[in-house]
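Asks: Compact mmCIF, C-alpha atoms, saved as final.txt, coming up:
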```txt
# COMPACT_ATOMS: atom_id res chain seq x y z
CA MET A 1 -35.04 -10.32 -2.61
CA ILE A 2 -38.71 -11.14 -3.09
CA PRO A 3 -41.04 -9.60 -0.46
CA ARG A 4 -41.82 -13.04 0.99
CA TYR A 5 -38.38 -13.20 2.59
CA THR A 6 -37.77 -9.51 3.29
CA LEU A 7 -38.82 -7.65 6.42
CA PRO A 8 -39.87 -4.00 6.01
CA GLU A 9 -37.02 -2.38 7.92
CA MET A 10 -34.40 -4.14 5.77
CA ALA A 11 -36.30 -3.51 2.55
CA SER A 12 -36.37 0.20 3.35
CA LEU A 13 -32.59 0.35 3.74
CA PHE A 14 -31.99 -1.07 0.27
CA SER A 15 -34.75 0.80 -1.57
CA ASP A 16 -33.85 3.14 -4.44
CA ARG A 17 -35.28 6.09 -2.52
CA THR A 18 -33.10 5.40 0.53
CA ARG A 19 -30.04 4.90 -1.66
CA TYR A 20 -30.55 8.22 -3.39
CA ALA A 21 -31.18 9.93 -0.06
CA THR A 22 -27.83 8.58 1.17
CA TRP A 23 -26.12 9.73 -2.02
CA VAL A 24 -27.53 13.21 -1.48
CA ARG A 25 -26.16 13.16 2.06
CA VAL A 26 -22.70 12.19 0.82
CA GLU A 27 -22.74 14.96 -1.80
CA ILE A 28 -23.77 17.56 0.77
CA LEU A 29 -21.13 16.42 3.28
CA ALA A 30 -18.44 16.55 0.59
CA SER A 31 -19.55 20.04 -0.42
CA GLU A 32 -19.56 21.17 3.21
CA ALA A 33 -15.92 20.15 3.50
CA GLN A 34 -15.10 21.79 0.19
CA ALA A 35 -16.76 25.02 1.41
CA ALA A 36 -14.74 24.90 4.64
CA LEU A 37 -11.61 24.67 2.48
CA GLY A 38 -12.73 27.64 0.39
CA ARG A 39 -13.34 25.67 -2.81
CA VAL A 40 -17.15 25.80 -2.89
CA PRO A 41 -19.40 28.78 -2.04
CA HIS A 42 -21.32 28.33 1.19
CA GLU A 43 -24.53 29.48 -0.51
CA ALA A 44 -24.15 26.61 -2.98
CA VAL A 45 -24.13 24.16 -0.10
CA GLU A 46 -27.32 25.74 1.24
CA ASP A 47 -28.96 25.28 -2.17
CA MET A 48 -27.92 21.62 -2.13
CA ARG A 49 -29.45 21.15 1.31
CA ARG A 50 -32.74 22.65 0.13
CA ALA A 51 -32.95 20.40 -2.91
CA ARG A 52 -35.20 17.38 -2.83
CA VAL A 53 -33.98 13.80 -3.01
CA PRO A 54 -34.46 12.76 -6.66
CA ASP A 55 -37.43 10.54 -7.39
CA PRO A 56 -36.25 7.08 -8.54
CA ALA A 57 -38.58 7.28 -11.53
CA ARG A 58 -36.93 10.54 -12.62
CA VAL A 59 -33.45 9.03 -12.25
CA ALA A 60 -34.62 6.10 -14.39
CA GLU A 61 -35.78 8.52 -17.08
CA PHE A 62 -32.33 10.11 -17.24
CA GLU A 63 -30.65 6.71 -17.20
CA ARG A 64 -32.47 5.68 -20.37
CA GLU A 65 -30.62 8.53 -22.06
CA ARG A 66 -27.25 8.29 -20.28
CA ASP A 67 -26.88 4.57 -19.40
CA HIS A 68 -25.07 5.66 -16.21
CA GLU A 69 -26.88 5.69 -12.88
CA VAL A 70 -24.65 8.16 -11.03
CA LEU A 71 -24.73 10.73 -13.86
CA SER A 72 -28.49 10.25 -14.05
CA PHE A 73 -28.83 10.74 -10.32
CA LEU A 74 -26.75 13.94 -10.49
CA ALA A 75 -28.84 15.25 -13.36
CA ALA A 76 -32.06 14.60 -11.46
CA TYR A 77 -30.67 16.05 -8.22
CA CYS A 78 -29.35 19.19 -9.90
CA GLU A 79 -32.74 19.88 -11.50
CA ASP A 80 -33.78 21.18 -8.09
CA ILE A 81 -30.61 23.29 -7.57
CA PRO A 82 -29.95 26.70 -9.21
CA ASP A 83 -27.43 26.45 -12.05
CA ALA A 84 -24.91 28.67 -10.24
CA SER A 85 -24.83 26.21 -7.34
CA ALA A 86 -25.35 22.98 -9.27
CA ARG A 87 -21.95 23.37 -10.93
CA TRP A 88 -20.29 22.70 -7.55
CA VAL A 89 -22.02 19.37 -6.91
CA HIS A 90 -19.67 16.34 -7.03
CA LEU A 91 -16.57 18.55 -7.33
CA GLY A 92 -13.37 16.49 -7.62
CA MET A 93 -15.23 13.23 -7.02
CA THR A 94 -15.63 10.09 -9.08
CA SER A 95 -18.73 7.91 -9.14
CA TYR A 96 -17.54 5.36 -6.60
CA ASP A 97 -16.52 8.02 -4.10
CA LEU A 98 -20.26 8.48 -3.89
CA VAL A 99 -21.43 4.90 -4.40
CA ASP A 100 -18.99 3.06 -2.14
CA THR A 101 -19.09 5.57 0.70
CA ALA A 102 -22.89 5.46 0.73
CA LEU A 103 -22.75 1.67 0.45
CA GLY A 104 -20.48 1.42 3.49
CA HIS A 105 -23.01 3.44 5.48
CA THR A 106 -25.92 1.27 4.30
CA LEU A 107 -24.12 -2.00 4.96
CA ALA A 108 -23.25 -0.87 8.48
CA GLN A 109 -26.92 -0.11 9.16
CA ALA A 110 -28.04 -3.40 7.61
CA THR A 111 -25.50 -5.33 9.67
CA ASP A 112 -26.80 -3.59 12.78
CA LEU A 113 -30.32 -4.83 11.96
CA LEU A 114 -29.05 -8.36 11.45
CA THR A 115 -26.97 -8.20 14.63
CA GLY A 116 -30.01 -7.07 16.60
CA ALA A 117 -32.00 -10.04 15.28
CA ALA A 118 -29.14 -12.42 16.13
CA ARG A 119 -28.98 -11.06 19.67
CA ARG A 120 -32.69 -11.73 20.05
CA LEU A 121 -32.14 -15.29 18.84
CA ARG A 122 -29.30 -15.77 21.32
CA ARG A 123 -31.52 -14.47 24.14
CA VAL A 124 -34.40 -16.78 23.21
CA LEU A 125 -32.06 -19.77 23.00
CA THR A 126 -30.47 -19.07 26.39
CA GLU A 127 -33.85 -18.49 28.05
CA ARG A 128 -35.37 -21.67 26.71
CA ALA A 129 -32.18 -23.61 27.45
CA LEU A 130 -32.38 -22.55 31.11
CA GLU A 131 -36.11 -23.33 31.14
CA HIS A 132 -35.42 -26.89 29.97
CA TRP A 133 -32.08 -27.42 31.64
CA ASP A 134 -33.35 -30.48 33.50
CA THR A 135 -35.64 -31.78 30.75
CA ALA A 136 -33.98 -35.14 30.17
CA MET A 137 -33.94 -36.62 26.69
CA VAL A 138 -31.92 -39.11 24.75
CA GLY A 139 -28.85 -37.82 22.93
CA ARG A 140 -28.37 -39.20 19.44
CA THR A 141 -25.20 -39.81 17.46
CA HIS A 142 -25.37 -41.05 13.86
CA GLY A 143 -29.14 -40.67 14.30
CA MET A 144 -29.12 -43.47 16.89
CA HIS A 145 -29.77 -43.40 20.64
CA ALA A 146 -26.51 -42.67 22.47
CA GLU A 147 -26.65 -41.38 26.08
CA PRO A 148 -29.05 -39.18 28.04
CA THR A 149 -28.68 -35.42 27.81
CA THR A 150 -31.16 -32.57 28.34
CA PHE A 151 -33.04 -30.38 25.91
CA GLY A 152 -31.53 -27.38 27.67
CA HIS A 153 -28.03 -28.64 26.93
CA LYS A 154 -28.97 -29.07 23.28
CA LEU A 155 -30.26 -25.48 23.03
CA ALA A 156 -27.20 -24.19 24.88
CA GLY A 157 -24.96 -25.48 22.10
CA HIS A 158 -26.97 -23.49 19.58
CA ALA A 159 -26.88 -20.37 21.78
CA PHE A 160 -23.09 -20.44 21.90
CA ALA A 161 -22.93 -20.95 18.12
CA VAL A 162 -25.05 -17.83 17.58
CA ASP A 163 -22.84 -15.96 20.04
CA ARG A 164 -19.76 -16.84 17.98
CA SER A 165 -21.56 -15.63 14.87
CA LEU A 166 -22.31 -12.34 16.59
CA ARG A 167 -18.61 -11.76 17.09
CA ARG A 168 -17.99 -12.53 13.42
CA LEU A 169 -20.67 -10.04 12.45
CA GLU A 170 -19.12 -7.37 14.67
CA ALA A 171 -15.76 -7.85 12.95
CA ALA A 172 -17.42 -7.84 9.53
CA ARG A 173 -19.29 -4.63 10.32
CA GLU A 174 -16.01 -2.94 11.16
CA ALA A 175 -14.60 -4.19 7.86
CA VAL A 176 -17.43 -2.84 5.67
CA ALA A 177 -18.09 0.43 7.53
CA VAL A 178 -15.54 2.15 5.31
CA GLY A 179 -15.67 4.91 2.73
CA THR A 180 -13.41 6.65 0.28
CA VAL A 181 -13.53 10.10 -1.34
CA SER A 182 -10.20 10.01 -3.14
CA GLY A 183 -10.83 10.53 -6.85
CA SER A 184 -10.60 8.50 -10.01
CA VAL A 185 -7.72 6.19 -9.06
CA GLY A 186 -7.56 6.94 -5.36
CA THR A 187 -4.71 9.44 -5.43
CA TYR A 188 -6.62 12.53 -4.17
CA ALA A 189 -5.43 14.29 -7.31
CA LEU A 190 -8.48 16.56 -7.53
CA ILE A 191 -9.80 16.46 -3.99
CA ASP A 192 -8.32 17.25 -0.59
CA PRO A 193 -8.10 14.25 1.80
CA ARG A 194 -9.79 16.42 4.42
CA VAL A 195 -13.00 16.15 2.41
CA GLU A 196 -12.88 12.38 2.83
CA GLU A 197 -12.19 12.72 6.56
CA HIS A 198 -15.22 14.97 7.01
CA VAL A 199 -17.59 12.78 4.99
CA CYS A 200 -16.56 9.51 6.60
CA ALA A 201 -16.54 10.90 10.13
CA ALA A 202 -20.07 12.27 9.70
CA LEU A 203 -21.29 8.89 8.44
CA GLY A 204 -19.50 6.91 11.15
CA LEU A 205 -17.14 5.29 8.67
CA ALA A 206 -13.45 4.51 8.65
CA VAL A 207 -11.35 5.52 5.65
CA GLU A 208 -10.01 3.03 3.11
CA PRO A 209 -6.26 3.35 3.87
CA ALA A 210 -4.93 2.75 0.35
CA PRO A 211 -7.83 3.38 -2.02
CA SER A 212 -7.89 2.49 -5.70
CA GLN A 213 -11.13 3.83 -7.09
CA VAL A 214 -13.25 1.60 -4.89
CA VAL A 215 -13.38 0.19 -1.40
CA ALA A 216 -11.62 -3.21 -1.39
CA ARG A 217 -14.08 -6.05 -1.99
CA ASP A 218 -12.56 -8.47 0.49
CA ARG A 219 -14.48 -6.39 3.04
CA HIS A 220 -17.82 -7.25 1.48
CA ALA A 221 -16.78 -10.88 1.11
CA GLN A 222 -16.01 -10.98 4.84
CA LEU A 223 -19.49 -9.69 5.64
CA LEU A 224 -21.26 -12.20 3.44
CA GLN A 225 -19.12 -15.02 4.86
CA ALA A 226 -20.21 -13.99 8.35
CA VAL A 227 -23.85 -13.86 7.27
CA ALA A 228 -23.55 -17.32 5.69
CA VAL A 229 -21.97 -18.83 8.82
CA LEU A 230 -24.77 -17.37 10.93
CA GLY A 231 -27.22 -18.83 8.42
CA ALA A 232 -25.57 -22.23 8.80
CA CYS A 233 -25.95 -21.97 12.59
CA VAL A 234 -29.65 -21.24 12.14
CA GLU A 235 -29.85 -24.16 9.72
CA GLN A 236 -28.39 -26.43 12.41
CA ILE A 237 -31.10 -25.32 14.84
CA ALA A 238 -33.83 -25.78 12.26
CA LEU A 239 -32.51 -29.17 11.13
CA GLU A 240 -32.48 -30.40 14.73
CA LEU A 241 -36.06 -29.25 15.23
CA ARG A 242 -37.12 -30.90 11.98
CA LEU A 243 -35.67 -34.20 13.13
CA LEU A 244 -37.29 -33.94 16.56
CA GLN A 245 -40.70 -33.28 14.91
CA ARG A 246 -40.76 -36.50 12.88
CA THR A 247 -43.88 -38.63 13.43
CA GLU A 248 -41.95 -41.37 15.22
CA VAL A 249 -40.17 -38.85 17.46
CA ARG A 250 -42.56 -35.92 18.14
CA GLU A 251 -40.53 -34.48 21.00
CA VAL A 252 -41.14 -30.89 19.89
CA GLU A 253 -43.58 -29.12 17.60
CA GLU A 254 -43.69 -25.78 15.85
CA ALA A 255 -46.45 -23.40 16.90
CA ARG A 256 -49.65 -23.80 14.86
CA THR A 257 -52.62 -21.52 14.40
CA SER A 258 -56.18 -22.83 14.16
CA ALA A 259 -56.08 -21.99 10.45
CA TYR A 260 -53.02 -24.18 9.77
CA GLN A 261 -53.25 -26.59 6.82
CA GLY A 262 -50.28 -28.86 6.24
CA SER A 263 -51.16 -30.63 3.02
CA SER A 264 -53.55 -30.09 0.14
CA ALA A 265 -54.29 -33.83 0.06
CA MET A 266 -53.69 -35.15 3.60
CA PRO A 267 -55.56 -33.22 6.31
CA HIS A 268 -53.69 -34.98 9.11
CA LYS A 269 -50.28 -33.56 8.13
CA ARG A 270 -48.44 -31.20 10.53
CA ASN A 271 -45.30 -30.49 8.57
CA PRO A 272 -42.23 -28.67 10.00
CA THR A 273 -42.54 -25.99 7.32
CA THR A 274 -40.90 -23.14 9.23
CA SER A 275 -37.84 -25.23 10.06
CA GLU A 276 -37.63 -26.45 6.47
CA ARG A 277 -37.83 -22.89 5.16
CA LEU A 278 -34.96 -21.80 7.41
CA CYS A 279 -32.80 -24.66 6.15
CA GLY A 280 -33.51 -23.73 2.54
CA LEU A 281 -32.59 -20.08 3.06
CA ALA A 282 -29.20 -21.09 4.44
CA ARG A 283 -28.39 -22.53 1.02
CA LEU A 284 -28.99 -19.14 -0.57
CA LEU A 285 -26.67 -17.46 1.93
CA ARG A 286 -23.83 -19.84 1.11
CA GLY A 287 -24.30 -19.07 -2.58
CA TYR A 288 -24.11 -15.32 -1.96
CA ALA A 289 -20.96 -15.75 0.12
CA ASP A 290 -19.27 -17.74 -2.63
CA THR A 291 -20.20 -15.10 -5.21
CA ALA A 292 -18.81 -12.33 -2.99
CA LEU A 293 -15.42 -14.05 -3.09
CA GLU A 294 -15.55 -13.88 -6.89
CA ASN A 295 -15.88 -10.09 -6.59
CA VAL A 296 -12.65 -9.57 -4.67
CA ALA A 297 -10.31 -9.66 -7.68
CA LEU A 298 -10.91 -6.64 -9.93
CA TRP A 299 -8.85 -5.39 -12.88
CA HIS A 300 -6.24 -2.79 -11.88
CA GLU A 301 -7.82 0.11 -9.94
CA ARG A 302 -11.30 -1.27 -10.65
CA ASP A 303 -13.58 -2.75 -13.26
CA LEU A 304 -17.34 -3.01 -13.45
CA ALA A 305 -17.70 -6.79 -13.09
CA HIS A 306 -18.61 -6.61 -9.40
CA GLN A 307 -21.33 -3.98 -9.72
CA SER A 308 -24.16 -5.99 -11.27
CA VAL A 309 -23.43 -8.85 -8.89
CA GLU A 310 -23.54 -6.65 -5.79
CA ARG A 311 -26.89 -5.17 -6.75
CA VAL A 312 -28.24 -8.67 -6.10
CA ILE A 313 -26.08 -10.34 -3.48
CA LEU A 314 -25.64 -7.52 -0.96
CA PRO A 315 -29.30 -6.63 -0.37
CA ASP A 316 -30.40 -10.24 -0.84
CA SER A 317 -27.88 -11.67 1.62
CA LEU A 318 -28.67 -9.14 4.35
CA SER A 319 -32.43 -9.46 3.71
CA VAL A 320 -32.43 -13.26 3.75
CA GLY A 321 -30.15 -13.43 6.79
CA HIS A 322 -32.28 -10.94 8.71
CA PHE A 323 -35.50 -12.76 7.81
CA GLN A 324 -34.04 -16.17 8.63
CA VAL A 325 -32.68 -15.17 12.04
CA THR A 326 -35.85 -13.27 12.99
CA LYS A 327 -38.06 -16.24 12.14
CA ALA A 328 -35.72 -18.62 13.95
CA ALA A 329 -36.15 -16.62 17.15
CA GLU A 330 -39.92 -16.75 16.76
CA LEU A 331 -39.76 -20.50 16.12
CA VAL A 332 -37.71 -21.27 19.23
CA ALA A 333 -39.73 -18.91 21.44
CA SER A 334 -43.06 -20.54 20.54
CA LEU A 335 -41.82 -24.14 20.34
CA THR A 336 -43.86 -26.77 22.19
CA VAL A 337 -41.65 -29.21 24.10
CA ASP A 338 -43.01 -32.65 25.08
CA ALA A 339 -40.91 -33.51 28.13
CA ASP A 340 -42.86 -36.70 28.84
CA ARG A 341 -42.22 -38.05 25.38
CA MET A 342 -38.56 -37.15 25.68
CA ARG A 343 -38.33 -39.16 28.88
CA ALA A 344 -40.23 -42.06 27.31
CA HIS A 345 -37.68 -42.24 24.51
CA ILE A 346 -34.89 -42.63 27.06
CA ASP A 347 -36.63 -45.79 28.25
CA GLN A 348 -37.56 -46.97 24.76
CA THR A 349 -34.43 -49.08 24.33
CA ASP A 350 -34.90 -50.86 27.67
CA GLY A 351 -31.90 -49.31 29.34
CA LEU A 352 -29.39 -49.64 26.50
CA VAL A 353 -28.56 -45.92 26.69
CA TYR A 354 -26.84 -46.63 30.02
CA SER A 355 -24.24 -49.01 28.55
CA SER A 356 -21.34 -46.53 28.78
CA SER A 357 -22.04 -45.97 32.47
CA VAL A 358 -22.02 -49.71 33.09
CA LEU A 359 -18.74 -50.08 31.19
CA ALA A 360 -17.16 -47.26 33.18
CA GLU A 361 -18.15 -48.85 36.49
CA LEU A 362 -16.74 -52.23 35.50
CA LEU A 363 -13.46 -50.62 34.50
CA GLY A 364 -13.44 -48.70 37.78
CA ASP A 365 -13.88 -51.97 39.64
CA GLY A 366 -10.75 -53.33 37.98
CA MET A 367 -12.12 -55.49 35.16
CA GLU A 368 -9.87 -55.74 32.08
CA ARG A 369 -11.15 -53.42 29.34
CA GLU A 370 -11.72 -55.94 26.53
CA ARG A 371 -13.55 -58.31 28.83
CA ALA A 372 -15.69 -55.51 30.26
CA TYR A 373 -16.56 -54.17 26.81
CA ARG A 374 -17.47 -57.60 25.43
CA SER A 375 -19.60 -58.43 28.46
CA VAL A 376 -21.61 -55.24 28.22
CA GLN A 377 -21.90 -55.60 24.45
CA ALA A 378 -23.19 -59.17 24.80
CA ALA A 379 -25.84 -58.00 27.26
CA ALA A 380 -26.83 -55.17 24.88
CA ASN A 381 -27.13 -57.54 21.94
CA HIS A 382 -29.31 -59.85 24.03
CA THR A 383 -31.63 -56.96 24.86
CA LEU A 384 -31.85 -55.95 21.18
CA ALA A 385 -32.66 -59.53 20.17
CA THR A 386 -35.19 -60.38 22.89
CA GLY A 387 -36.56 -57.10 24.24
CA GLU A 388 -35.49 -58.10 27.74
CA HIS A 389 -34.47 -55.12 29.89
CA PHE A 390 -30.78 -54.29 29.82
CA GLY A 391 -30.50 -54.79 33.58
CA ALA A 392 -31.73 -58.38 33.26
CA SER A 393 -29.40 -59.02 30.33
CA LEU A 394 -26.48 -57.72 32.40
CA ALA A 395 -27.40 -60.09 35.21
CA LYS A 396 -27.05 -63.01 32.79
CA GLN A 397 -23.50 -61.81 32.15
CA GLY A 398 -22.83 -61.85 35.87
CA ILE A 399 -23.10 -58.09 36.18
CA ASP A 400 -25.33 -56.87 38.99
CA LEU A 401 -25.76 -53.13 38.68
CA ALA A 402 -28.63 -51.22 40.23
CA GLY A 403 -29.75 -47.63 39.89
CA LEU A 404 -29.58 -47.21 36.12
CA GLY A 405 -31.00 -43.81 35.16
CA PRO A 406 -30.25 -40.57 33.28
CA GLU A 407 -29.08 -38.87 36.48
CA ARG A 408 -25.83 -40.81 36.23
CA PHE A 409 -24.94 -38.78 33.13
CA LEU A 410 -25.74 -35.33 34.51
CA THR A 411 -23.57 -35.17 37.62
CA HIS A 412 -21.37 -32.42 36.15
CA HIS A 413 -24.08 -30.74 34.14
CA ASP A 414 -23.99 -27.55 36.19
CA VAL A 415 -20.58 -26.73 34.75
CA ILE A 416 -22.24 -26.06 31.40
CA ARG A 417 -25.18 -24.28 33.02
CA THR A 418 -22.77 -21.84 34.67
CA ARG A 419 -21.25 -21.03 31.29
CA LEU A 420 -24.72 -20.55 29.83
CA GLU A 421 -25.76 -18.22 32.65
CA LYS A 422 -22.75 -16.03 31.89
CA LEU A 423 -23.86 -15.87 28.28
CA HIS A 424 -27.38 -14.97 29.39
CA GLU A 425 -25.99 -12.11 31.47
CA LEU A 426 -24.89 -10.44 28.21
CA GLU A 427 -28.57 -9.74 27.53
CA ASP A 428 -29.01 -7.68 30.73
```
Please re-express this file's structure in structure tokens.
Replies:
Amino acid sequence: MIPRYTLPEMASLFSDRTRYATWVRVEILASEAQAALGRVPHEAVEDMRRARVPDPARVAEFERERDHEVLSFLAAYCEDIPDASARWVHLGMTSYDLVDTALGHTLAQATDLLTGAARRLRRVLTERALEHWDTAMVGRTHGMHAEPTTFGHKLAGHAFAVDRSLRRLEAAREAVAVGTVSGSVGTYALIDPRVEEHVCAALGLAVEPAPSQVVARDRHAQLLQAVAVLGACVEQIALELRLLQRTEVREVEEARTSAYQGSSAMPHKRNPTTSERLCGLARLLRGYADTALENVALWHERDLAHQSVERVILPDSLSVGHFQVTKAAELVASLTVDADRMRAHIDQTDGLVYSSSVLAELLGDGMERERAYRSVQAAANHTLATGEHFGASLAKQGIDLAGLGPERFLTHHDVIRTRLEKLHELED
């Protein structure tokens, strides 16, 4: 992923240097287990520990000759190990014993970074939802004024969506935190299963229960699906904030610095650029998730079709998701909320947003449903045509109803607040 959408801590995880450092760790752990089983000299393991992590540029030099990254890595690594010890490196292993086990470790760490960012987003959403629990605003369906709600209620819905995504991420982390050190077709023909147990336990990984040559790719697909769903939840937040920032709405606004410039031609513009960026990144995440599904079906015990794809989609998906969620938390935390304008929009339609409450009262008083609906609808149409307040239009229909206000719609609102407070307690 380009640096613009990658935060340093995620970039470091997927760097060549970190990857080779993890490969070295896997090789040393495997050799430790082999030494414990009497197959590798202990002094050889000590020589491996003393060796430096190969420089990516040196690995690249070897790869120009060998056209095989793992063999090139081993050649570069063994340059720093005495020949008598270097011969024991990678004993009984195949390339993907190294690659996939290290990848499982990296993906677990990357998922932890993303999960941490998502938890911060959930916390910001719950805090701001509680802050604006009583900030009344008009609810909109089909883009049209519907009934009163509160801005806190709106944010609460997003907080629970992120919470559901967190549980998906936790399940996906468990799925990808897996390794295998089982040999060329996964039969342990040249390596003792106890080597695998030692390596995976030290890295905090589970063991692929029926390995081929690789870890099953449905695991990676599950992770990228979870990342994409989280990205869609962020997109929903950002889309809502984009809509609420429109010139004719202006109920919220993204934070601006004094240096902000919104248009090269129109100095007055204050565009919702952060929200728009978050929506765009969600499209990338869906594309990565779809591509990960294409990687699940491999020929026989494995082929190479997935490898080139994963070099792009795995680091990019985790990097984009981490960036998107982190910036979403910053956006929500610094958001300016115009409560007065929200309240003004409730009154903008001259009381029409209270029509469902009027209908409910008429039905409660015993009026036949069709007659009640038509009477309220006729009053609403009169208000739309003339601009006369809905209360006056109702009076012309013989309906005398006082006390129209948003409070009518929030009598049971504390039920949702209680649920939100329980969610907020998860942050303590």
Asks: I want to know what sits within 12 Å of Ser319 of chain A, based on only C-alpha atoms, with residues of the same chain fewer than 3 positions away left out; could you give that as a PyMOL selection string?
Replies: chain A and resi 1-15+107+110-111+113-114+117+224+227+231+281+284-285+288+312-316+322-326
Asks: Please, what distance in Å, to one decimal, runs between atom CA of Asp47 of chain A and atom CA of Thr22 of chain A?
Replies: 17.1 Å
Asks: Which residues are near Glu407 of chain A? Cut-off 12 Å, all atoms listed in the file, ignore same chain within fewer than 3 positions. Put them as an MDAnalysis selection string.
Replies: chainID A and resid 134:137 147:150 343 346 354 357 403:404 410:413
Asks: Give me a file of those residues, with C-alpha atoms, as a compact mmCIF listing (two decimals), in the coordinates of the input.
Replies:
```
# COMPACT_ATOMS: atom_id res chain seq x y z
CA ASP A 134 -33.35 -30.48 33.50
CA THR A 135 -35.64 -31.78 30.75
CA ALA A 136 -33.98 -35.14 30.17
CA MET A 137 -33.94 -36.62 26.69
CA GLU A 147 -26.65 -41.38 26.08
CA PRO A 148 -29.05 -39.18 28.04
CA THR A 149 -28.68 -35.42 27.81
CA THR A 150 -31.16 -32.57 28.34
CA ARG A 343 -38.33 -39.16 28.88
CA ILE A 346 -34.89 -42.63 27.06
CA TYR A 354 -26.84 -46.63 30.02
CA SER A 357 -22.04 -45.97 32.47
CA GLY A 403 -29.75 -47.63 39.89
CA LEU A 404 -29.58 -47.21 36.12
CA LEU A 410 -25.74 -35.33 34.51
CA THR A 411 -23.57 -35.17 37.62
CA HIS A 412 -21.37 -32.42 36.15
CA HIS A 413 -24.08 -30.74 34.14
```
Asks: So which one's closest to His306 of chain A, A:Ala216, A:Ala328, A:Arg123, A:Ala395? Using all atoms listed in the file, please.
Replies: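 Smallest separation from His306 of chain A among the options: A:Ala216.
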Asks: Return the single residue from A:Arg140, A:Glu46, A:Val358, A:Ile416 that is closest to Leu243 of chain A, with distances computed using only C-alpha atoms.
Replies: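 Looking at the shortest contact to Leu243 of chain A, the residue is A:Arg140.
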Asks: Nearest residue to Ala60 of chain A out of A:Asp218, A:Asp192, A:Glu32, A:Asp16, using only C-alpha atoms?
Replies: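 Between A:Asp218, A:Asp192, A:Glu32, A:Asp16, the residue approaching Ala60 of chain A most closely is A:Asp16.
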Asks: Kindly indicate which residue among A:Ala255, A:Val178, A:Ala292, A:Val162 lies nearest to Leu230 of chain A, using all atoms listed in the file for the distances.
Replies: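 Of the candidates, the smallest distance to Leu230 of chain A is held by A:Val162.
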Asks: Hey, which of A:Ser375, A:Arg256, A:Arg194, A:Arg217 ends up closest to Asn295 of chain A? Count only C-alpha atoms.
Replies: A:Arg217
Asks: Using only C-alpha atoms, determine which residues lie at most 12 Å from Gly186 of chain A, disregarding the query and same-chain residues fewer than 5 positions distant; provide the list as a PyMOL selection string.
Replies: chain A and resi 92-97+179-181+191-193+196+207-216+300-302
Asks: Please measure the separation of atom CA of Leu293 of chain A and atom CA of Ala221 of chain A, giving the value in Å to one decimal.
Replies: 5.4 Å
Asks: For a test of reading the model, state the distance in Å between atom CA of Gln245 of chain A and atom CA of His142 of chain A, rounded to one decimal.
Replies: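 Interatomic distance here is 17.2 Å.
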Asks: With all atoms listed in the file as the atoms that count, which of A:Asn381, A:Ser308, A:Thr115, A:Ser263 lies nearest to Ser165 of chain A?
Replies: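 Residue with the minimum atom-to-atom distance to Ser165 of chain A: A:Thr115.
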Asks: Would you give the centre and edge lengths, in Å to one decimal, of a box along x, y and z around the listed atoms of segment 74-77 of chain A, with 3 Å added to each side, as AutoDock Vina command-line options?
Replies:
```
--center_x -29.4 --center_y 15.0 --center_z -10.8 --size_x 11.3 --size_y 8.1 --size_z 11.1
```
Asks: Please provide the set of residues having any atom within 8 Å of Arg128 of chain A, restricted to all atoms listed in the file, with same-chain residues fewer than 3 positions apart removed, written as a ChimeraX atom specification.
Replies: /A:124-125,131-132,152,155,332-333
Asks: Near Asp414 of chain A, counting all atoms listed in the file, which residues have an atom at most 12 Å away, once you skip same-chain residues fewer than 5 positions from it, shown as a ChimeraX atom specification?
Replies: /A:130,133-134,150,152-153,409,419-421
